[in-house]
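> Just one file: protein.txt, with compact mmCIF, N, CA and C atoms.
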```txt
# COMPACT_ATOMS: atom_id res chain seq x y z
N GLN A 1 11.08 11.53 -2.06
CA GLN A 1 10.45 10.23 -2.24
C GLN A 1 11.05 9.24 -1.23
N VAL A 2 10.24 8.31 -0.80
CA VAL A 2 10.66 7.31 0.17
C VAL A 2 10.62 5.94 -0.49
N GLN A 3 11.64 5.16 -0.27
CA GLN A 3 11.65 3.79 -0.76
C GLN A 3 11.55 2.84 0.43
N LEU A 4 10.72 1.82 0.26
CA LEU A 4 10.56 0.78 1.27
C LEU A 4 11.03 -0.54 0.64
N VAL A 5 11.89 -1.24 1.35
CA VAL A 5 12.43 -2.50 0.83
C VAL A 5 12.15 -3.61 1.84
N GLU A 6 11.37 -4.59 1.38
CA GLU A 6 11.04 -5.72 2.24
C GLU A 6 12.08 -6.84 2.08
N SER A 7 12.21 -7.62 3.12
CA SER A 7 13.06 -8.82 3.07
C SER A 7 12.54 -9.81 4.10
N GLY A 8 12.99 -11.05 3.97
CA GLY A 8 12.66 -12.06 4.97
C GLY A 8 11.62 -13.07 4.55
N GLY A 9 11.05 -12.90 3.37
CA GLY A 9 10.08 -13.88 2.91
C GLY A 9 10.75 -15.20 2.54
N GLY A 10 9.93 -16.19 2.26
CA GLY A 10 10.48 -17.48 1.87
C GLY A 10 9.47 -18.60 2.01
N LEU A 11 9.98 -19.81 1.99
CA LEU A 11 9.16 -21.02 2.11
C LEU A 11 9.35 -21.60 3.50
N VAL A 12 8.26 -21.90 4.17
CA VAL A 12 8.31 -22.45 5.51
C VAL A 12 7.20 -23.47 5.67
N GLN A 13 7.41 -24.44 6.51
CA GLN A 13 6.38 -25.44 6.79
C GLN A 13 5.34 -24.88 7.75
N ALA A 14 4.16 -25.42 7.68
CA ALA A 14 3.10 -25.00 8.60
C ALA A 14 3.58 -25.18 10.04
N GLY A 15 3.26 -24.19 10.85
CA GLY A 15 3.72 -24.18 12.24
C GLY A 15 5.02 -23.44 12.45
N GLY A 16 5.69 -23.12 11.37
CA GLY A 16 6.96 -22.43 11.45
C GLY A 16 6.83 -20.93 11.60
N SER A 17 7.97 -20.24 11.57
CA SER A 17 8.01 -18.80 11.78
C SER A 17 8.87 -18.12 10.72
N LEU A 18 8.55 -16.88 10.46
CA LEU A 18 9.34 -16.01 9.61
C LEU A 18 9.29 -14.61 10.19
N ARG A 19 10.34 -13.83 9.94
CA ARG A 19 10.31 -12.42 10.30
C ARG A 19 10.57 -11.60 9.06
N LEU A 20 9.62 -10.75 8.74
CA LEU A 20 9.75 -9.83 7.63
C LEU A 20 10.31 -8.51 8.12
N SER A 21 11.13 -7.89 7.29
CA SER A 21 11.69 -6.58 7.60
C SER A 21 11.33 -5.61 6.49
N CYS A 22 11.12 -4.37 6.86
CA CYS A 22 10.81 -3.30 5.90
C CYS A 22 11.72 -2.12 6.24
N ALA A 23 12.73 -1.91 5.41
CA ALA A 23 13.67 -0.82 5.64
C ALA A 23 13.31 0.38 4.78
N ALA A 24 13.20 1.53 5.41
CA ALA A 24 12.88 2.77 4.71
C ALA A 24 14.16 3.52 4.35
N SER A 25 14.10 4.25 3.24
CA SER A 25 15.28 4.99 2.77
C SER A 25 15.57 6.21 3.61
N ARG A 26 14.61 6.64 4.40
CA ARG A 26 14.86 7.72 5.35
C ARG A 26 13.94 7.53 6.55
N SER A 27 14.16 8.33 7.56
CA SER A 27 13.44 8.17 8.81
C SER A 27 12.01 8.67 8.67
N ILE A 28 11.08 7.75 8.50
CA ILE A 28 9.68 8.15 8.36
C ILE A 28 8.80 7.56 9.43
N PHE A 29 9.22 6.44 10.01
CA PHE A 29 8.31 5.75 10.92
C PHE A 29 8.14 6.45 12.25
N ARG A 30 8.97 7.49 12.52
CA ARG A 30 8.74 8.29 13.72
C ARG A 30 7.44 9.08 13.58
N GLY A 31 7.10 9.42 12.36
CA GLY A 31 5.93 10.26 12.14
C GLY A 31 4.85 9.61 11.31
N TYR A 32 5.15 8.48 10.69
CA TYR A 32 4.19 7.80 9.82
C TYR A 32 3.79 6.46 10.41
N THR A 33 2.58 6.07 10.14
CA THR A 33 2.12 4.73 10.48
C THR A 33 2.71 3.72 9.50
N GLY A 34 3.20 2.63 10.02
CA GLY A 34 3.71 1.56 9.19
C GLY A 34 2.73 0.40 9.19
N GLY A 35 2.70 -0.31 8.08
CA GLY A 35 1.77 -1.42 8.01
C GLY A 35 2.26 -2.53 7.10
N TRP A 36 1.70 -3.70 7.32
CA TRP A 36 1.94 -4.85 6.46
C TRP A 36 0.62 -5.31 5.87
N TYR A 37 0.61 -5.43 4.55
CA TYR A 37 -0.53 -5.96 3.82
C TYR A 37 -0.12 -7.30 3.22
N ARG A 38 -1.12 -8.06 2.81
CA ARG A 38 -0.82 -9.26 2.04
C ARG A 38 -1.88 -9.45 0.97
N GLN A 39 -1.46 -10.12 -0.09
CA GLN A 39 -2.38 -10.40 -1.18
C GLN A 39 -2.09 -11.78 -1.71
N ALA A 40 -3.09 -12.64 -1.62
CA ALA A 40 -3.00 -13.99 -2.18
C ALA A 40 -3.64 -13.99 -3.56
N PRO A 41 -3.28 -14.91 -4.42
CA PRO A 41 -3.86 -14.96 -5.77
C PRO A 41 -5.39 -15.01 -5.72
N GLY A 42 -6.01 -14.13 -6.49
CA GLY A 42 -7.46 -14.10 -6.53
C GLY A 42 -8.12 -13.35 -5.40
N ASN A 43 -7.31 -12.87 -4.45
CA ASN A 43 -7.87 -12.15 -3.31
C ASN A 43 -7.50 -10.68 -3.36
N GLU A 44 -8.26 -9.88 -2.63
CA GLU A 44 -7.92 -8.47 -2.50
C GLU A 44 -6.77 -8.31 -1.51
N ARG A 45 -6.06 -7.21 -1.64
CA ARG A 45 -5.00 -6.91 -0.69
C ARG A 45 -5.65 -6.56 0.65
N GLU A 46 -5.14 -7.13 1.73
CA GLU A 46 -5.69 -6.86 3.04
C GLU A 46 -4.60 -6.39 3.98
N LEU A 47 -4.98 -5.48 4.88
CA LEU A 47 -4.07 -4.99 5.90
C LEU A 47 -4.06 -6.00 7.05
N VAL A 48 -2.88 -6.53 7.36
CA VAL A 48 -2.81 -7.54 8.42
C VAL A 48 -2.30 -6.96 9.74
N ALA A 49 -1.50 -5.90 9.68
CA ALA A 49 -0.97 -5.32 10.91
C ALA A 49 -0.53 -3.89 10.65
N SER A 50 -0.66 -3.06 11.68
CA SER A 50 -0.20 -1.68 11.57
C SER A 50 0.35 -1.22 12.91
N ILE A 51 1.21 -0.20 12.84
CA ILE A 51 1.77 0.38 14.04
C ILE A 51 1.88 1.88 13.85
N THR A 52 1.31 2.63 14.77
CA THR A 52 1.30 4.08 14.66
C THR A 52 2.60 4.67 15.22
N PRO A 53 2.86 5.95 14.96
CA PRO A 53 4.05 6.57 15.55
C PRO A 53 4.07 6.48 17.08
N GLY A 54 2.91 6.45 17.68
CA GLY A 54 2.83 6.33 19.13
C GLY A 54 3.00 4.92 19.64
N GLY A 55 3.05 3.96 18.72
CA GLY A 55 3.27 2.58 19.11
C GLY A 55 2.03 1.72 19.22
N SER A 56 0.87 2.29 18.91
CA SER A 56 -0.36 1.50 18.94
C SER A 56 -0.37 0.53 17.78
N THR A 57 -0.76 -0.70 18.07
CA THR A 57 -0.78 -1.72 17.03
C THR A 57 -2.19 -2.22 16.80
N ASN A 58 -2.40 -2.73 15.61
CA ASN A 58 -3.70 -3.28 15.25
C ASN A 58 -3.46 -4.46 14.32
N TYR A 59 -4.31 -5.49 14.44
CA TYR A 59 -4.13 -6.70 13.67
C TYR A 59 -5.45 -7.17 13.07
N ALA A 60 -5.35 -7.80 11.92
CA ALA A 60 -6.50 -8.49 11.37
C ALA A 60 -6.84 -9.68 12.26
N ASP A 61 -8.10 -10.01 12.34
CA ASP A 61 -8.53 -11.12 13.20
C ASP A 61 -7.81 -12.42 12.84
N SER A 62 -7.53 -12.59 11.57
CA SER A 62 -6.94 -13.84 11.10
C SER A 62 -5.51 -14.07 11.59
N VAL A 63 -4.85 -13.00 12.07
CA VAL A 63 -3.45 -13.14 12.50
C VAL A 63 -3.25 -12.80 13.97
N LYS A 64 -4.28 -12.36 14.65
CA LYS A 64 -4.15 -11.99 16.06
C LYS A 64 -3.61 -13.17 16.87
N GLY A 65 -2.65 -12.85 17.72
CA GLY A 65 -2.06 -13.88 18.56
C GLY A 65 -0.93 -14.64 17.88
N ARG A 66 -0.77 -14.47 16.58
CA ARG A 66 0.30 -15.17 15.85
C ARG A 66 1.34 -14.21 15.26
N PHE A 67 0.90 -13.04 14.82
CA PHE A 67 1.79 -12.06 14.20
C PHE A 67 2.02 -10.90 15.16
N THR A 68 3.22 -10.35 15.09
CA THR A 68 3.56 -9.18 15.90
C THR A 68 4.29 -8.17 15.03
N ILE A 69 3.78 -6.94 15.01
CA ILE A 69 4.43 -5.87 14.29
C ILE A 69 5.23 -5.04 15.29
N SER A 70 6.42 -4.61 14.86
CA SER A 70 7.25 -3.78 15.73
C SER A 70 8.05 -2.82 14.86
N ARG A 71 8.73 -1.91 15.54
CA ARG A 71 9.41 -0.84 14.80
C ARG A 71 10.73 -0.52 15.51
N ASP A 72 11.76 -0.26 14.72
CA ASP A 72 13.04 0.23 15.24
C ASP A 72 13.33 1.55 14.55
N ASN A 73 13.05 2.65 15.23
CA ASN A 73 13.22 3.97 14.61
C ASN A 73 14.67 4.25 14.25
N ALA A 74 15.60 3.76 15.04
CA ALA A 74 17.01 4.02 14.76
C ALA A 74 17.45 3.37 13.45
N LYS A 75 16.78 2.28 13.08
CA LYS A 75 17.12 1.58 11.83
C LYS A 75 16.12 1.88 10.72
N ASN A 76 15.16 2.75 11.00
CA ASN A 76 14.13 3.09 9.99
C ASN A 76 13.46 1.82 9.46
N THR A 77 13.17 0.90 10.34
CA THR A 77 12.69 -0.42 9.94
C THR A 77 11.46 -0.84 10.74
N VAL A 78 10.53 -1.45 10.03
CA VAL A 78 9.36 -2.07 10.65
C VAL A 78 9.45 -3.57 10.40
N TYR A 79 9.09 -4.34 11.40
CA TYR A 79 9.17 -5.79 11.32
C TYR A 79 7.79 -6.42 11.44
N LEU A 80 7.68 -7.63 10.91
CA LEU A 80 6.50 -8.44 11.14
C LEU A 80 6.97 -9.84 11.51
N GLN A 81 6.82 -10.17 12.78
CA GLN A 81 7.15 -11.51 13.25
C GLN A 81 5.93 -12.38 13.06
N MET A 82 6.09 -13.47 12.33
CA MET A 82 4.97 -14.35 12.02
C MET A 82 5.26 -15.73 12.60
N ASN A 83 4.44 -16.13 13.53
CA ASN A 83 4.58 -17.44 14.18
C ASN A 83 3.37 -18.31 13.87
N SER A 84 3.52 -19.59 14.11
CA SER A 84 2.43 -20.56 13.90
C SER A 84 1.80 -20.37 12.52
N LEU A 85 2.64 -20.30 11.53
CA LEU A 85 2.16 -20.02 10.18
C LEU A 85 1.29 -21.15 9.65
N LYS A 86 0.32 -20.75 8.86
CA LYS A 86 -0.64 -21.67 8.26
C LYS A 86 -0.58 -21.55 6.74
N PRO A 87 -0.98 -22.59 6.04
CA PRO A 87 -0.97 -22.50 4.57
C PRO A 87 -1.77 -21.30 4.05
N GLU A 88 -2.83 -20.93 4.76
CA GLU A 88 -3.63 -19.79 4.30
C GLU A 88 -2.93 -18.45 4.51
N ASP A 89 -1.77 -18.44 5.15
CA ASP A 89 -0.97 -17.22 5.25
C ASP A 89 -0.14 -16.99 3.99
N THR A 90 -0.14 -17.94 3.09
CA THR A 90 0.62 -17.82 1.85
C THR A 90 0.11 -16.63 1.05
N ALA A 91 1.03 -15.72 0.69
CA ALA A 91 0.66 -14.50 -0.03
C ALA A 91 1.93 -13.71 -0.31
N VAL A 92 1.77 -12.67 -1.11
CA VAL A 92 2.81 -11.66 -1.23
C VAL A 92 2.54 -10.62 -0.14
N TYR A 93 3.55 -10.35 0.66
CA TYR A 93 3.43 -9.40 1.76
C TYR A 93 4.07 -8.08 1.36
N TYR A 94 3.33 -7.00 1.58
CA TYR A 94 3.78 -5.66 1.21
C TYR A 94 3.89 -4.79 2.46
N CYS A 95 4.95 -4.04 2.51
CA CYS A 95 5.11 -3.01 3.54
C CYS A 95 4.57 -1.70 3.00
N ALA A 96 3.99 -0.90 3.89
CA ALA A 96 3.47 0.40 3.49
C ALA A 96 3.63 1.39 4.62
N ALA A 97 3.60 2.65 4.28
CA ALA A 97 3.66 3.72 5.27
C ALA A 97 2.76 4.85 4.83
N GLY A 98 2.20 5.54 5.82
CA GLY A 98 1.34 6.65 5.52
C GLY A 98 1.06 7.47 6.75
N ASN A 99 0.42 8.60 6.55
CA ASN A 99 0.17 9.50 7.67
C ASN A 99 -1.20 9.30 8.28
N SER A 100 -1.86 8.21 7.92
CA SER A 100 -3.13 7.87 8.54
C SER A 100 -3.36 6.38 8.36
N LEU A 101 -4.44 5.90 8.95
CA LEU A 101 -4.84 4.50 8.77
C LEU A 101 -5.92 4.42 7.70
N PRO A 102 -5.85 3.47 6.80
CA PRO A 102 -4.73 2.54 6.60
C PRO A 102 -3.56 3.24 5.93
N PRO A 103 -2.35 2.82 6.24
CA PRO A 103 -1.18 3.45 5.63
C PRO A 103 -1.06 3.05 4.16
N ASN A 104 -1.03 4.02 3.26
CA ASN A 104 -1.04 3.67 1.84
C ASN A 104 -0.38 4.73 0.97
N VAL A 105 0.56 5.48 1.53
CA VAL A 105 1.23 6.50 0.73
C VAL A 105 2.46 5.92 0.04
N TYR A 106 3.28 5.20 0.79
CA TYR A 106 4.49 4.60 0.25
C TYR A 106 4.37 3.08 0.34
N TRP A 107 4.88 2.41 -0.70
CA TRP A 107 4.76 0.95 -0.78
C TRP A 107 6.09 0.32 -1.11
N GLY A 108 6.29 -0.87 -0.56
CA GLY A 108 7.42 -1.70 -0.96
C GLY A 108 7.04 -2.56 -2.16
N GLN A 109 8.00 -3.33 -2.63
CA GLN A 109 7.79 -4.12 -3.84
C GLN A 109 7.15 -5.47 -3.54
N GLY A 110 7.12 -5.87 -2.29
CA GLY A 110 6.50 -7.13 -1.90
C GLY A 110 7.50 -8.24 -1.73
N THR A 111 7.18 -9.16 -0.84
CA THR A 111 8.01 -10.34 -0.63
C THR A 111 7.09 -11.55 -0.48
N GLN A 112 7.46 -12.64 -1.14
CA GLN A 112 6.60 -13.82 -1.16
C GLN A 112 6.80 -14.65 0.10
N VAL A 113 5.67 -15.02 0.70
CA VAL A 113 5.67 -15.97 1.82
C VAL A 113 4.85 -17.17 1.40
N THR A 114 5.45 -18.34 1.47
CA THR A 114 4.77 -19.57 1.12
C THR A 114 4.84 -20.53 2.29
N VAL A 115 3.67 -21.00 2.73
CA VAL A 115 3.60 -21.92 3.86
C VAL A 115 3.08 -23.26 3.33
N SER A 116 3.90 -24.27 3.46
CA SER A 116 3.52 -25.60 2.97
C SER A 116 2.85 -26.40 4.09
N SER A 117 1.94 -27.26 3.67
CA SER A 117 1.20 -28.07 4.66
C SER A 117 1.92 -29.37 4.95
```
For this file, produce the structure as structure tokens.


Amino acid sequence: QVQLVESGGGLVQAGGSLRLSCAASRSIFRGYTGGWYRQAPGNERELVASITPGGSTNYADSVKGRFTISRDNAKNTVYLQMNSLKPEDTAVYYCAAGNSLPPNVYWGQGTQVTVSS
């Protein structure tokens, strides 16, 4: 079994930045796609960014140009750098990993991101 632990969430003003981290209990991101989802109250969970083992990235239109997903295989960690944050980015952010897109085999517990206006 693989455990994913997110960190880095918090409260930030609009226009600010946060970096989320997702640490895996073992080395999986060399072979698995990593992804970040978010879910706001009353909304469905949506995939905002993903990164394949080959390094290909994909982003939801709502975050393109503002969010960057990256991976450090040596640390078994996937990151989500979030810049120019907007109040509508407020949500619980979940890390996930899987062997295909969308990644949905292993899940983290979620971390809250709140952007104030």

> Using only N, CA and C atoms, which protein or nucleic acid residues come within 7 Å of Thr68 (chain A)? Drop anything in the same chain fewer than 6 positions from it, and give the result as a CSV table (one decimal) with N, CA and C atoms, in the coordinates of the input.


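around-v6.csv written:
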```
chain,number,residue,atom,x,y,z
A,79,TYR,N,9.1,-4.3,11.4
A,79,TYR,CA,9.2,-5.8,11.3
A,79,TYR,C,7.8,-6.4,11.4
A,80,LEU,N,7.7,-7.6,10.9
A,80,LEU,CA,6.5,-8.4,11.1
A,80,LEU,C,7.0,-9.8,11.5
A,81,GLN,N,6.8,-10.2,12.8
A,81,GLN,CA,7.2,-11.5,13.2
A,81,GLN,C,5.9,-12.4,13.1
A,82,MET,N,6.1,-13.5,12.3
A,82,MET,CA,5.0,-14.4,12.0
A,82,MET,C,5.3,-15.7,12.6
A,83,ASN,N,4.4,-16.1,13.5
A,83,ASN,CA,4.6,-17.4,14.2
A,83,ASN,C,3.4,-18.3,13.9
```

> Closest to Gly35 (chain A) among A:Ala14, A:Ala23, A:Ile69, A:Leu4, using only C-alpha atoms?

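The closest residue to Gly35 (chain A) is A:Ile69.
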
> Give me every strand (DSSP E) residue in region 23-113 of chain A, going by DSSP on the backbone, as a tab-separated table (two decimals) with N, CA and C atoms, keeping the file's coordinate frame.


```tsv
chain	number	residue	atom	x	y	z
A	23	ALA	N	12.73	-1.91	5.41
A	23	ALA	CA	13.67	-0.82	5.64
A	23	ALA	C	13.31	0.38	4.78
A	24	ALA	N	13.20	1.53	5.41
A	24	ALA	CA	12.88	2.77	4.71
A	24	ALA	C	14.16	3.52	4.35
A	33	THR	N	2.58	6.07	10.14
A	33	THR	CA	2.12	4.73	10.48
A	33	THR	C	2.71	3.72	9.50
A	34	GLY	N	3.20	2.63	10.02
A	34	GLY	CA	3.71	1.56	9.19
A	34	GLY	C	2.73	0.40	9.19
A	35	GLY	N	2.70	-0.31	8.08
A	35	GLY	CA	1.77	-1.42	8.01
A	35	GLY	C	2.26	-2.53	7.10
A	36	TRP	N	1.70	-3.70	7.32
A	36	TRP	CA	1.94	-4.85	6.46
A	36	TRP	C	0.62	-5.31	5.87
A	37	TYR	N	0.61	-5.43	4.55
A	37	TYR	CA	-0.53	-5.96	3.82
A	37	TYR	C	-0.12	-7.30	3.22
A	38	ARG	N	-1.12	-8.06	2.81
A	38	ARG	CA	-0.82	-9.26	2.04
A	38	ARG	C	-1.88	-9.45	0.97
A	39	GLN	N	-1.46	-10.12	-0.09
A	39	GLN	CA	-2.38	-10.40	-1.18
A	39	GLN	C	-2.09	-11.78	-1.71
A	46	GLU	N	-5.14	-7.13	1.73
A	46	GLU	CA	-5.69	-6.86	3.04
A	46	GLU	C	-4.60	-6.39	3.98
A	47	LEU	N	-4.98	-5.48	4.88
A	47	LEU	CA	-4.07	-4.99	5.90
A	47	LEU	C	-4.06	-6.00	7.05
A	48	VAL	N	-2.88	-6.53	7.36
A	48	VAL	CA	-2.81	-7.54	8.42
A	48	VAL	C	-2.30	-6.96	9.74
A	49	ALA	N	-1.50	-5.90	9.68
A	49	ALA	CA	-0.97	-5.32	10.91
A	49	ALA	C	-0.53	-3.89	10.65
A	50	SER	N	-0.66	-3.06	11.68
A	50	SER	CA	-0.20	-1.68	11.57
A	50	SER	C	0.35	-1.22	12.91
A	51	ILE	N	1.21	-0.20	12.84
A	51	ILE	CA	1.77	0.38	14.04
A	51	ILE	C	1.88	1.88	13.85
A	57	THR	N	-0.76	-0.70	18.07
A	57	THR	CA	-0.78	-1.72	17.03
A	57	THR	C	-2.19	-2.22	16.80
A	58	ASN	N	-2.40	-2.73	15.61
A	58	ASN	CA	-3.70	-3.28	15.25
A	58	ASN	C	-3.46	-4.46	14.32
A	59	TYR	N	-4.31	-5.49	14.44
A	59	TYR	CA	-4.13	-6.70	13.67
A	59	TYR	C	-5.45	-7.17	13.07
A	67	PHE	N	0.90	-13.04	14.82
A	67	PHE	CA	1.79	-12.06	14.20
A	67	PHE	C	2.02	-10.90	15.16
A	68	THR	N	3.22	-10.35	15.09
A	68	THR	CA	3.56	-9.18	15.90
A	68	THR	C	4.29	-8.17	15.03
A	69	ILE	N	3.78	-6.94	15.01
A	69	ILE	CA	4.43	-5.87	14.29
A	69	ILE	C	5.23	-5.04	15.29
A	70	SER	N	6.42	-4.61	14.86
A	70	SER	CA	7.25	-3.78	15.73
A	70	SER	C	8.05	-2.82	14.86
A	71	ARG	N	8.73	-1.91	15.54
A	71	ARG	CA	9.41	-0.84	14.80
A	71	ARG	C	10.73	-0.52	15.51
A	72	ASP	N	11.76	-0.26	14.72
A	72	ASP	CA	13.04	0.23	15.24
A	72	ASP	C	13.33	1.55	14.55
A	77	THR	N	13.17	0.90	10.34
A	77	THR	CA	12.69	-0.42	9.94
A	77	THR	C	11.46	-0.84	10.74
A	78	VAL	N	10.53	-1.45	10.03
A	78	VAL	CA	9.36	-2.07	10.65
A	78	VAL	C	9.45	-3.57	10.40
A	79	TYR	N	9.09	-4.34	11.40
A	79	TYR	CA	9.17	-5.79	11.32
A	79	TYR	C	7.79	-6.42	11.44
A	80	LEU	N	7.68	-7.63	10.91
A	80	LEU	CA	6.50	-8.44	11.14
A	80	LEU	C	6.97	-9.84	11.51
A	81	GLN	N	6.82	-10.17	12.78
A	81	GLN	CA	7.15	-11.51	13.25
A	81	GLN	C	5.93	-12.38	13.06
A	82	MET	N	6.09	-13.47	12.33
A	82	MET	CA	4.97	-14.35	12.02
A	82	MET	C	5.26	-15.73	12.60
A	91	ALA	N	1.03	-15.72	0.69
A	91	ALA	CA	0.66	-14.50	-0.03
A	91	ALA	C	1.93	-13.71	-0.31
A	92	VAL	N	1.77	-12.67	-1.11
A	92	VAL	CA	2.81	-11.66	-1.23
A	92	VAL	C	2.54	-10.62	-0.14
A	93	TYR	N	3.55	-10.35	0.66
A	93	TYR	CA	3.43	-9.40	1.76
A	93	TYR	C	4.07	-8.08	1.36
A	94	TYR	N	3.33	-7.00	1.58
A	94	TYR	CA	3.78	-5.66	1.21
A	94	TYR	C	3.89	-4.79	2.46
A	95	CYS	N	4.95	-4.04	2.51
A	95	CYS	CA	5.11	-3.01	3.54
A	95	CYS	C	4.57	-1.70	3.00
A	96	ALA	N	3.99	-0.90	3.89
A	96	ALA	CA	3.47	0.40	3.49
A	96	ALA	C	3.63	1.39	4.62
A	97	ALA	N	3.60	2.65	4.28
A	97	ALA	CA	3.66	3.72	5.27
A	97	ALA	C	2.76	4.85	4.83
A	98	GLY	N	2.20	5.54	5.82
A	98	GLY	CA	1.34	6.65	5.52
A	98	GLY	C	1.06	7.47	6.75
A	106	TYR	N	3.28	5.20	0.79
A	106	TYR	CA	4.49	4.60	0.25
A	106	TYR	C	4.37	3.08	0.34
A	107	TRP	N	4.88	2.41	-0.70
A	107	TRP	CA	4.76	0.95	-0.78
A	107	TRP	C	6.09	0.32	-1.11
A	111	THR	N	7.18	-9.16	-0.84
A	111	THR	CA	8.01	-10.34	-0.63
A	111	THR	C	7.09	-11.55	-0.48
A	112	GLN	N	7.46	-12.64	-1.14
A	112	GLN	CA	6.60	-13.82	-1.16
A	112	GLN	C	6.80	-14.65	0.10
A	113	VAL	N	5.67	-15.02	0.70
A	113	VAL	CA	5.67	-15.97	1.82
A	113	VAL	C	4.85	-17.17	1.40
```

> List the neighbours of Ser21 (chain A) out to 6 Å using only C-alpha atoms; skip same-chain residues closer than 6 positions along the sequence, and give me the result as a CSV table (one decimal) with N, CA and C atoms, in the coordinates of the input.


```csv
chain,number,residue,atom,x,y,z
A,6,GLU,N,11.4,-4.6,1.4
A,6,GLU,CA,11.0,-5.7,2.2
A,6,GLU,C,12.1,-6.8,2.1
A,7,SER,N,12.2,-7.6,3.1
A,7,SER,CA,13.1,-8.8,3.1
A,7,SER,C,12.5,-9.8,4.1
A,78,VAL,N,10.5,-1.4,10.0
A,78,VAL,CA,9.4,-2.1,10.6
A,78,VAL,C,9.4,-3.6,10.4
A,79,TYR,N,9.1,-4.3,11.4
A,79,TYR,CA,9.2,-5.8,11.3
A,79,TYR,C,7.8,-6.4,11.4
```

> What is the CA of Arg26 (chain A)-atom C of Tyr59 (chain A) distance in Å, reported with one decimal?

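Those two atoms sit 26.3 Å apart.
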
> Separation of CA of Gly108 (chain A) and CA of Phe67 (chain A), in Å?

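Separation of CA of Gly108 (chain A) and CA of Phe67 (chain A): 19.2 Å.
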
> Tell me which of A:Tyr94, A:Asn73, A:Asn99, A:Gln13 sits closest to Thr111 (chain A), counting all atoms listed in the file.

A:Tyr94

> Using only C-alpha atoms, which residue out of A:Thr57, A:Ser116, A:Gln109, A:Asn104 lies closest to Lys86 (chain A)?

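Looking only at the distances to Lys86 (chain A), the closest residue turns out to be A:Ser116.
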